[in-house]
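Visitor: What follows is model.txt, made up of compact mmCIF, C-alpha atoms:
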# COMPACT_ATOMS: atom_id res chain seq x y z
CA MET A 1 24.14 4.27 1.68
CA SER A 2 23.68 5.09 -1.95
CA THR A 3 20.03 5.01 -2.95
CA ASN A 4 21.20 2.97 -5.94
CA ASP A 5 21.52 0.06 -3.54
CA LEU A 6 17.76 -0.07 -3.30
CA SER A 7 17.57 -1.68 -6.75
CA ASN A 8 14.63 -1.68 -9.11
CA SER A 9 12.40 -3.35 -6.57
CA VAL A 10 11.53 0.00 -5.02
CA ILE A 11 8.27 0.77 -6.73
CA PHE A 12 7.04 3.97 -5.08
CA PRO A 13 8.97 7.27 -5.09
CA ILE A 14 11.66 7.38 -2.40
CA GLY A 15 11.21 11.09 -1.66
CA GLU A 16 13.67 13.15 0.35
CA LYS A 17 15.90 12.47 3.31
CA PHE A 18 13.80 13.03 6.42
CA GLU A 19 15.72 14.80 9.17
CA SER A 20 14.11 13.74 12.41
CA ASP A 21 15.09 12.92 15.95
CA TYR A 22 12.39 10.23 15.79
CA PHE A 23 14.82 8.05 13.81
CA LYS A 24 18.33 6.78 14.42
CA GLY A 25 20.12 6.62 11.05
CA THR A 26 19.08 7.96 7.69
CA VAL A 27 15.52 7.62 6.44
CA TRP A 28 13.77 8.82 3.29
CA LEU A 29 10.09 9.81 3.28
CA LYS A 30 7.62 10.40 0.48
CA MET A 31 4.00 11.09 1.36
CA LEU A 32 1.80 9.47 -1.30
CA THR A 33 -1.36 11.30 -0.24
CA PRO A 34 -1.95 15.04 0.18
CA PHE A 35 -1.78 16.76 3.55
CA GLY A 36 -5.04 16.26 5.43
CA SER A 37 -5.98 13.02 3.67
CA ALA A 38 -8.43 10.79 5.56
CA CYS A 39 -5.96 7.96 4.86
CA PRO A 40 -2.36 9.26 5.06
CA ILE A 41 0.14 6.97 3.33
CA GLY A 42 3.90 7.44 3.50
CA ASN A 43 6.62 5.52 1.66
CA VAL A 44 9.42 5.09 4.21
CA THR A 45 12.89 3.83 3.28
CA PHE A 46 15.49 3.02 5.97
CA GLU A 47 19.23 2.64 5.39
CA PRO A 48 20.79 -0.48 6.98
CA GLY A 49 20.75 -0.16 10.77
CA CYS A 50 18.20 2.67 10.75
CA ARG A 51 15.17 2.41 13.00
CA ASN A 52 12.65 4.69 14.67
CA ARG A 53 12.06 5.28 18.38
CA TRP A 54 9.53 3.39 20.39
CA HIS A 55 6.25 5.15 19.62
CA LYS A 56 2.50 4.67 19.38
CA HIS A 57 -0.33 5.81 17.13
CA ALA A 58 -3.66 6.95 18.56
CA GLY A 59 -5.58 5.22 15.74
CA GLY A 60 -3.12 2.47 14.83
CA GLN A 61 -1.00 1.96 11.70
CA ILE A 62 -0.58 -0.60 8.91
CA LEU A 63 2.83 -1.43 7.38
CA LEU A 64 3.09 -2.95 3.88
CA VAL A 65 6.65 -4.10 3.24
CA THR A 66 7.77 -3.35 -0.32
CA GLY A 67 11.47 -4.22 -0.14
CA GLY A 68 14.48 -5.26 1.89
CA ARG A 69 14.65 -6.84 5.35
CA GLY A 70 13.73 -5.29 8.67
CA TYR A 71 11.93 -5.65 11.98
CA TYR A 72 8.76 -4.77 13.81
CA GLN A 73 8.64 -5.09 17.57
CA GLN A 74 5.72 -4.51 19.90
CA TRP A 75 6.51 -3.72 23.55
CA GLY A 76 6.83 -6.90 25.62
CA GLU A 77 7.09 -9.19 22.58
CA PRO A 78 10.04 -10.47 20.54
CA ALA A 79 10.96 -8.56 17.38
CA LYS A 80 9.43 -9.99 14.19
CA GLU A 81 11.58 -10.14 11.07
CA LEU A 82 9.94 -8.61 7.99
CA HIS A 83 10.40 -9.20 4.27
CA THR A 84 8.87 -7.98 1.02
CA GLY A 85 5.13 -8.66 0.93
CA ASP A 86 4.65 -8.78 4.72
CA VAL A 87 1.79 -6.85 6.30
CA VAL A 88 1.73 -5.62 9.92
CA GLU A 89 -1.40 -4.27 11.59
CA ILE A 90 -0.33 -2.18 14.58
CA PRO A 91 -3.14 -1.75 17.12
CA ALA A 92 -4.14 1.70 18.35
CA ASP A 93 -1.93 2.87 21.24
CA ALA A 94 0.42 -0.15 20.99
CA LYS A 95 4.00 0.85 21.82
CA HIS A 96 6.33 -0.38 19.06
CA TRP A 97 9.23 0.37 16.72
CA HIS A 98 10.22 -0.62 13.18
CA GLY A 99 13.31 -0.36 11.06
CA ALA A 100 15.92 -2.02 8.89
CA ALA A 101 18.17 -4.98 9.62
CA LYS A 102 21.85 -4.17 10.21
CA ASP A 103 22.86 -5.37 6.78
CA SER A 104 19.87 -4.46 4.63
CA TRP A 105 17.95 -1.42 3.47
CA PHE A 106 14.24 -1.69 4.20
CA ALA A 107 11.18 -0.06 2.60
CA HIS A 108 7.56 -0.05 3.66
CA LEU A 109 4.37 1.86 3.08
CA ALA A 110 3.00 3.20 6.37
CA ILE A 111 -0.75 3.84 6.50
CA GLU A 112 -2.14 5.86 9.37
CA VAL A 113 -5.47 4.48 10.59
CA ASP A 114 -8.11 6.87 11.93
CA PRO A 115 -5.87 9.96 11.81
CA ASP A 116 -8.64 11.99 13.44
CA LYS A 117 -7.86 10.21 16.70
CA GLY A 118 -4.64 12.19 17.01
CA PRO A 119 -0.92 12.17 16.20
CA ALA A 120 1.78 9.65 17.10
CA THR A 121 3.45 9.80 20.51
CA TRP A 122 7.23 9.43 20.36
CA LEU A 123 9.05 7.72 23.23
CA GLU A 124 12.60 6.52 23.99
CA HIS A 125 15.12 5.27 21.42
CA VAL A 126 15.66 1.55 20.87
CA THR A 127 19.06 1.10 22.50
CA ASP A 128 22.06 -0.33 20.67
CA GLU A 129 21.98 -3.16 23.21
CA GLU A 130 18.40 -4.08 22.25
CA TYR A 131 18.99 -3.62 18.53
CA ASN A 132 22.30 -5.48 18.39
CA GLN A 133 20.68 -8.63 19.76
CA LEU A 134 18.78 -8.94 16.47
CA GLN A 135 20.19 -10.97 13.62
CA MET B 1 -3.41 -15.98 -18.34
CA SER B 2 -0.89 -17.91 -16.34
CA THR B 3 -0.11 -16.22 -13.07
CA ASN B 4 3.53 -16.87 -13.96
CA ASP B 5 3.22 -14.01 -16.41
CA LEU B 6 3.04 -11.64 -13.47
CA SER B 7 6.79 -12.04 -12.89
CA ASN B 8 8.67 -11.45 -9.68
CA SER B 9 7.50 -7.87 -9.49
CA VAL B 10 4.30 -8.94 -7.75
CA ILE B 11 5.19 -8.38 -4.15
CA PHE B 12 1.99 -9.07 -2.22
CA PRO B 13 0.14 -12.41 -2.27
CA ILE B 14 -2.08 -12.80 -5.35
CA GLY B 15 -4.82 -14.72 -3.51
CA GLU B 16 -7.60 -16.57 -5.25
CA LYS B 17 -9.62 -16.03 -8.40
CA PHE B 18 -12.50 -13.76 -7.46
CA GLU B 19 -15.74 -14.78 -9.14
CA SER B 20 -17.85 -11.67 -9.42
CA ASP B 21 -20.24 -10.02 -11.81
CA TYR B 22 -18.62 -6.74 -10.78
CA PHE B 23 -15.71 -7.55 -13.11
CA LYS B 24 -15.43 -8.42 -16.79
CA GLY B 25 -12.55 -10.89 -17.17
CA THR B 26 -10.57 -12.77 -14.57
CA VAL B 27 -9.41 -11.09 -11.39
CA TRP B 28 -7.53 -12.34 -8.32
CA LEU B 29 -8.15 -10.90 -4.85
CA LYS B 30 -6.23 -11.18 -1.60
CA MET B 31 -7.41 -9.17 1.38
CA LEU B 32 -4.33 -8.05 3.34
CA THR B 33 -6.31 -6.98 6.42
CA PRO B 34 -8.79 -8.98 8.49
CA PHE B 35 -12.54 -8.70 8.02
CA GLY B 36 -13.86 -5.63 9.80
CA SER B 37 -10.57 -3.69 9.68
CA ALA B 38 -10.88 0.09 10.03
CA CYS B 39 -8.63 0.26 6.94
CA PRO B 40 -9.49 -2.57 4.51
CA ILE B 41 -6.72 -3.26 1.98
CA GLY B 42 -7.07 -5.67 -0.94
CA ASN B 43 -4.42 -6.76 -3.42
CA VAL B 44 -6.21 -6.89 -6.78
CA THR B 45 -4.68 -8.46 -9.91
CA PHE B 46 -6.38 -8.17 -13.31
CA GLU B 47 -5.63 -10.32 -16.37
CA PRO B 48 -5.12 -8.36 -19.62
CA GLY B 49 -8.43 -6.80 -20.74
CA CYS B 50 -10.06 -7.27 -17.34
CA ARG B 51 -11.81 -4.31 -15.72
CA ASN B 52 -14.51 -3.64 -13.18
CA ARG B 53 -17.91 -1.99 -13.66
CA TRP B 54 -18.49 1.67 -13.15
CA HIS B 55 -18.93 2.01 -9.39
CA LYS B 56 -18.52 4.37 -6.46
CA HIS B 57 -17.38 4.17 -2.85
CA ALA B 58 -19.25 5.98 -0.08
CA GLY B 59 -15.98 6.93 1.65
CA GLY B 60 -13.60 6.97 -1.32
CA GLN B 61 -10.73 4.66 -2.24
CA ILE B 62 -6.96 4.85 -2.83
CA LEU B 63 -5.19 2.76 -5.47
CA LEU B 64 -1.45 2.02 -5.21
CA VAL B 65 -0.20 0.46 -8.44
CA THR B 66 2.30 -2.34 -7.81
CA GLY B 67 2.70 -3.78 -11.30
CA GLY B 68 1.68 -3.86 -14.95
CA ARG B 69 -0.24 -1.29 -16.99
CA GLY B 70 -3.86 -0.28 -16.63
CA TYR B 71 -6.40 2.52 -16.44
CA TYR B 72 -8.45 4.59 -14.06
CA GLN B 73 -11.35 6.62 -15.38
CA GLN B 74 -13.63 8.97 -13.52
CA TRP B 75 -17.06 9.67 -15.04
CA GLY B 76 -16.95 12.60 -17.47
CA GLU B 77 -13.14 12.59 -17.70
CA PRO B 78 -10.67 10.83 -20.03
CA ALA B 79 -9.16 7.55 -18.83
CA LYS B 80 -5.77 7.93 -17.16
CA GLU B 81 -3.08 5.36 -17.92
CA LEU B 82 -1.47 3.83 -14.83
CA HIS B 83 1.94 2.25 -14.23
CA THR B 84 3.88 0.79 -11.31
CA GLY B 85 4.28 3.36 -8.52
CA ASP B 86 1.23 5.47 -9.46
CA VAL B 87 -1.22 6.53 -6.76
CA VAL B 88 -4.89 7.40 -7.37
CA GLU B 89 -7.08 9.06 -4.75
CA ILE B 90 -10.71 8.42 -5.68
CA PRO B 91 -13.07 10.89 -4.02
CA ALA B 92 -16.09 9.71 -2.03
CA ASP B 93 -19.08 8.97 -4.29
CA ALA B 94 -17.10 9.56 -7.52
CA LYS B 95 -18.31 7.23 -10.29
CA HIS B 96 -15.30 5.45 -11.82
CA TRP B 97 -13.78 2.20 -13.06
CA HIS B 98 -10.29 0.67 -13.13
CA GLY B 99 -8.65 -2.27 -14.80
CA ALA B 100 -5.89 -3.65 -16.99
CA ALA B 101 -4.76 -2.59 -20.44
CA LYS B 102 -5.66 -4.96 -23.29
CA ASP B 103 -2.13 -6.33 -23.53
CA SER B 104 -0.93 -6.23 -19.92
CA TRP B 105 -1.73 -7.72 -16.55
CA PHE B 106 -2.25 -5.06 -13.87
CA ALA B 107 -1.93 -5.17 -10.07
CA HIS B 108 -2.86 -2.60 -7.46
CA LEU B 109 -3.52 -2.33 -3.77
CA ALA B 110 -7.02 -0.95 -3.13
CA ILE B 111 -7.54 0.84 0.18
CA GLU B 112 -11.08 1.59 1.30
CA VAL B 113 -11.33 5.00 2.98
CA ASP B 114 -13.86 5.51 5.78
CA PRO B 115 -15.48 2.07 5.42
CA ASP B 116 -18.03 3.05 8.07
CA LYS B 117 -19.66 5.32 5.51
CA GLY B 118 -21.02 2.27 3.68
CA PRO B 119 -20.28 -0.22 0.90
CA ALA B 120 -19.52 0.35 -2.78
CA THR B 121 -22.38 0.88 -5.24
CA TRP B 122 -21.96 -1.12 -8.46
CA LEU B 123 -23.32 0.32 -11.71
CA GLU B 124 -23.20 -0.55 -15.43
CA HIS B 125 -20.33 -2.33 -17.21
CA VAL B 126 -17.74 -0.39 -19.19
CA THR B 127 -18.78 -1.25 -22.74
CA ASP B 128 -16.41 -2.84 -25.23
CA GLU B 129 -16.88 0.30 -27.35
CA GLU B 130 -15.62 2.51 -24.50
CA TYR B 131 -12.82 0.14 -23.52
CA ASN B 132 -11.58 -0.56 -27.04
CA GLN B 133 -10.93 3.12 -27.63
CA LEU B 134 -8.09 2.92 -25.10
CA GLN B 135 -4.57 2.19 -26.23
Now, as a test, write the supplied structure out as structure tokens.
Guide:
Amino acid sequence: MSTNDLSNSVIFPIGEKFESDYFKGTVWLKMLTPFGSACPIGNVTFEPGCRNRWHKHAGGQILLVTGGRGYYQQWGEPAKELHTGDVVEIPADAKHWHGAAKDSWFAHLAIEVDPDKGPATWLEHVTDEEYNQLQ
Amino acid sequence: MSTNDLSNSVIFPIGEKFESDYFKGTVWLKMLTPFGSACPIGNVTFEPGCRNRWHKHAGGQILLVTGGRGYYQQWGEPAKELHTGDVVEIPADAKHWHGAAKDSWFAHLAIEVDPDKGPATWLEHVTDEEYNQLQ
């Protein structure tokens, strides 16, 4: 994907490509707060088809969708389609994943809640079988 | 101001007019998180010329500018002009104000840091003399 595809609707800096086994596909990350902030905020941009592994946050996380179309799914529940302006409050220790739709880039701010409670725990990948069922 | 002037670049819900002596001018507020959240986030939209009083937050605050042109000023420092995509980390207990430029609406997300530390403390208004010196 060319980052030009993101259009002018991307309002926060896109940052650098983030090489991580926690994601399938290409993702860009820009931290908007300094290291050690009491309220860490990252701007995360997924290419079409890109998503992260199932994972959980010790203190929870809030997603603020700033562009594109994607999904959030909590373990045991159907995936929820997300669009610009949507807000997701992810409870502490809830197993979940998020990422782009197949045919759309996707951008959200990710706010870590209560970072003192500990880091994220990364689990298995979302399989192609699970992901390809989504529209 | 008609809210239509805000254009399509406003990505989070604008909410309702917020009647408060803490602001001079008309402001709209939409809380994006439920009451009692560990990470309260409000979408705040100021009409041109609108600003809040000098105030401080016991745990600090983060502003994420989503549209328009405005200002942030910390006590004893010059006002800093803000545009879409800017991020301001306001330290705990730092006396400050924020608001729109004279000729522009202004929208930011306001994230309360460490809300358990206590509420905001509201102080004197920014005088017209102070405000009118800004470009």
Visitor: Could you give me, as a list in words, the residues within 10 Å of B:Lys80, counting only C-alpha atoms and dropping anything in the same chain fewer than 4 positions from it?
Guide: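 My reading of the contact set: Gly70, Tyr71, Tyr72, Gln73, Gln74, Val88, His98 and Leu134 of chain B.
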Visitor: Write out, as a PDB file, in the frame of the given file, the residues just selected, with C-alpha atoms.
Guide:
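Heads up, here's the output in result-v3.pdb:
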ATOM      1  CA  GLY B  70      -3.860  -0.280 -16.630  1.00  0.00           C
ATOM      2  CA  TYR B  71      -6.400   2.520 -16.440  1.00  0.00           C
ATOM      3  CA  TYR B  72      -8.450   4.590 -14.060  1.00  0.00           C
ATOM      4  CA  GLN B  73     -11.350   6.620 -15.380  1.00  0.00           C
ATOM      5  CA  GLN B  74     -13.630   8.970 -13.520  1.00  0.00           C
ATOM      6  CA  VAL B  88      -4.890   7.400  -7.370  1.00  0.00           C
ATOM      7  CA  HIS B  98     -10.290   0.670 -13.130  1.00  0.00           C
ATOM      8  CA  LEU B 134      -8.090   2.920 -25.100  1.00  0.00           C
TER       9      LEU B 134
END
Visitor: Which residues are close to A:Leu109, i.e. within 7 Å by all atoms listed in the file, leaving aside same-chain residues fewer than 6 positions away? Reply as a count of residues only.
Guide: 7
Visitor: Can you check which residues of chain A have any atom within 8 Å of chain B? Use all atoms listed in the file and format it as a list in words.
Guide: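 Written out as asked, the residues are Ser9, Ile11, Phe12, Pro13, Leu32, Thr33, Ala38, Cys39, Thr66, Thr84, Gly85, Asp86, Val87, Glu89, Val113 and Asp114 of chain A.
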Visitor: For a quick check of understanding, using all atoms listed in the file, which of B:Ala100, B:Ala92, B:Ala79, B:Ala58 has the smallest distance to B:Ala120?
Guide: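 For B:Ala120, the nearest of the candidates is B:Ala58.
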Visitor: Do a neighbour search on A:Gly99 at 9 Å with all atoms listed in the file, toss out local chain neighbours closer than 2 positions, and write the hits as a list in words.
Guide: Phe23, Thr45, Phe46, Glu47, Pro48, Gly49, Cys50, Arg51, Asn52, Arg69, Gly70, Tyr71, Tyr72, Trp97, Ala101, Trp105, Phe106 and Ala107 of chain A
Visitor: Suppose you want the space between atom CA of B:Lys30 and atom CA of B:Ile14; what is it in Å?
Guide: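 Answer for the atom CA of B:Lys30 to atom CA of B:Ile14 separation: 5.8 Å.
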Visitor: Which distance in Å separates atom CA of A:Pro119 and atom CA of A:His57, to one decimal?
Guide: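 Those two atoms sit 6.5 Å apart.
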Visitor: Would you list the contacts of A:Trp54 as a list in words, taking every protein, DNA or RNA residue within 7 Å and counting all atoms listed in the file, but skipping same-chain residues closer than 6 positions in sequence?
Guide: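 Here the answer would be Lys95, His96, Trp97, Trp122, Leu123, Glu124, His125 and Val126 of chain A.
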Visitor: So, with all atoms listed in the file as the atoms that count, which of A:Asp93, A:Gly36, A:Gln133, A:Arg53 lies closest to A:Lys24?
Guide: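 For A:Lys24, the nearest of the candidates is A:Arg53.
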Visitor: May I ask for the distance between atom CA of B:Thr127 and atom CA of B:Gly15, given in Å to one decimal place?
Guide: 27.3 Å
Visitor: Which residue, B:Gln135, B:His108, B:Thr26, B:Gly118, has the smallest gap to B:Glu81 when you use only C-alpha atoms?
Guide: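 Checking each of B:Gln135, B:His108, B:Thr26, B:Gly118 against B:Glu81, counting only C-alpha atoms, the winner is B:Gln135.
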Visitor: Taking N, CA and C atoms as the atom set, what does stretch 77-100 of chain B look like once completed, written as a JSON list (two decimals), keeping the file's coordinate frame?
Guide:
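Dumped to selection.json:
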[["chain", "number", "residue", "atom", "x", "y", "z"],
["B", 77, "GLU", "N", -14.54, 12.21, -17.45],
["B", 77, "GLU", "CA", -13.14, 12.59, -17.70],
["B", 77, "GLU", "C", -12.48, 11.53, -18.57],
["B", 78, "PRO", "N", -11.38, 11.87, -19.26],
["B", 78, "PRO", "CA", -10.67, 10.83, -20.03],
["B", 78, "PRO", "C", -10.02, 9.79, -19.10],
["B", 79, "ALA", "N", -9.85, 8.58, -19.60],
["B", 79, "ALA", "CA", -9.16, 7.55, -18.83],
["B", 79, "ALA", "C", -7.70, 7.95, -18.64],
["B", 80, "LYS", "N", -7.16, 7.63, -17.47],
["B", 80, "LYS", "CA", -5.77, 7.93, -17.16],
["B", 80, "LYS", "C", -4.98, 6.62, -17.15],
["B", 81, "GLU", "N", -3.88, 6.57, -17.89],
["B", 81, "GLU", "CA", -3.08, 5.36, -17.92],
["B", 81, "GLU", "C", -2.25, 5.25, -16.65],
["B", 82, "LEU", "N", -2.16, 4.06, -16.11],
["B", 82, "LEU", "CA", -1.47, 3.83, -14.83],
["B", 82, "LEU", "C", -0.32, 2.85, -14.98],
["B", 83, "HIS", "N", 0.75, 3.11, -14.24],
["B", 83, "HIS", "CA", 1.94, 2.25, -14.23],
["B", 83, "HIS", "C", 2.39, 2.04, -12.78],
["B", 84, "THR", "N", 3.31, 1.10, -12.63],
["B", 84, "THR", "CA", 3.88, 0.79, -11.31],
["B", 84, "THR", "C", 4.32, 2.07, -10.59],
["B", 85, "GLY", "N", 3.90, 2.21, -9.32],
["B", 85, "GLY", "CA", 4.28, 3.36, -8.52],
["B", 85, "GLY", "C", 3.27, 4.49, -8.55],
["B", 86, "ASP", "N", 2.25, 4.41, -9.43],
["B", 86, "ASP", "CA", 1.23, 5.47, -9.46],
["B", 86, "ASP", "C", 0.27, 5.33, -8.29],
["B", 87, "VAL", "N", -0.26, 6.47, -7.87],
["B", 87, "VAL", "CA", -1.22, 6.53, -6.76],
["B", 87, "VAL", "C", -2.45, 7.28, -7.25],
["B", 88, "VAL", "N", -3.63, 6.73, -6.99],
["B", 88, "VAL", "CA", -4.89, 7.40, -7.37],
["B", 88, "VAL", "C", -5.73, 7.58, -6.11],
["B", 89, "GLU", "N", -6.13, 8.82, -5.84],
["B", 89, "GLU", "CA", -7.08, 9.06, -4.75],
["B", 89, "GLU", "C", -8.45, 9.27, -5.36],
["B", 90, "ILE", "N", -9.37, 8.36, -5.10],
["B", 90, "ILE", "CA", -10.71, 8.42, -5.68],
["B", 90, "ILE", "C", -11.63, 9.07, -4.64],
["B", 91, "PRO", "N", -12.23, 10.20, -5.01],
["B", 91, "PRO", "CA", -13.07, 10.89, -4.02],
["B", 91, "PRO", "C", -14.30, 10.07, -3.64],
["B", 92, "ALA", "N", -14.84, 10.34, -2.47],
["B", 92, "ALA", "CA", -16.09, 9.71, -2.03],
["B", 92, "ALA", "C", -17.17, 9.95, -3.07],
["B", 93, "ASP", "N", -17.91, 8.91, -3.40],
["B", 93, "ASP", "CA", -19.08, 8.97, -4.29],
["B", 93, "ASP", "C", -18.74, 9.31, -5.74],
["B", 94, "ALA", "N", -17.46, 9.29, -6.12],
["B", 94, "ALA", "CA", -17.10, 9.56, -7.52],
["B", 94, "ALA", "C", -17.28, 8.28, -8.34],
["B", 95, "LYS", "N", -18.06, 8.38, -9.40],
["B", 95, "LYS", "CA", -18.31, 7.23, -10.29],
["B", 95, "LYS", "C", -17.06, 6.98, -11.13],
["B", 96, "HIS", "N", -16.57, 5.74, -11.16],
["B", 96, "HIS", "CA", -15.30, 5.45, -11.82],
["B", 96, "HIS", "C", -15.20, 3.96, -12.12],
["B", 97, "TRP", "N", -14.17, 3.61, -12.91],
["B", 97, "TRP", "CA", -13.78, 2.20, -13.06],
["B", 97, "TRP", "C", -12.26, 2.13, -13.13],
["B", 98, "HIS", "N", -11.72, 0.91, -12.96],
["B", 98, "HIS", "CA", -10.29, 0.67, -13.13],
["B", 98, "HIS", "C", -10.08, -0.74, -13.64],
["B", 99, "GLY", "N", -8.94, -0.94, -14.28],
["B", 99, "GLY", "CA", -8.65, -2.27, -14.80],
["B", 99, "GLY", "C", -7.39, -2.28, -15.64],
["B", 100, "ALA", "N", -7.13, -3.43, -16.23],
["B", 100, "ALA", "CA", -5.89, -3.65, -16.99],
["B", 100, "ALA", "C", -5.98, -3.08, -18.41]]
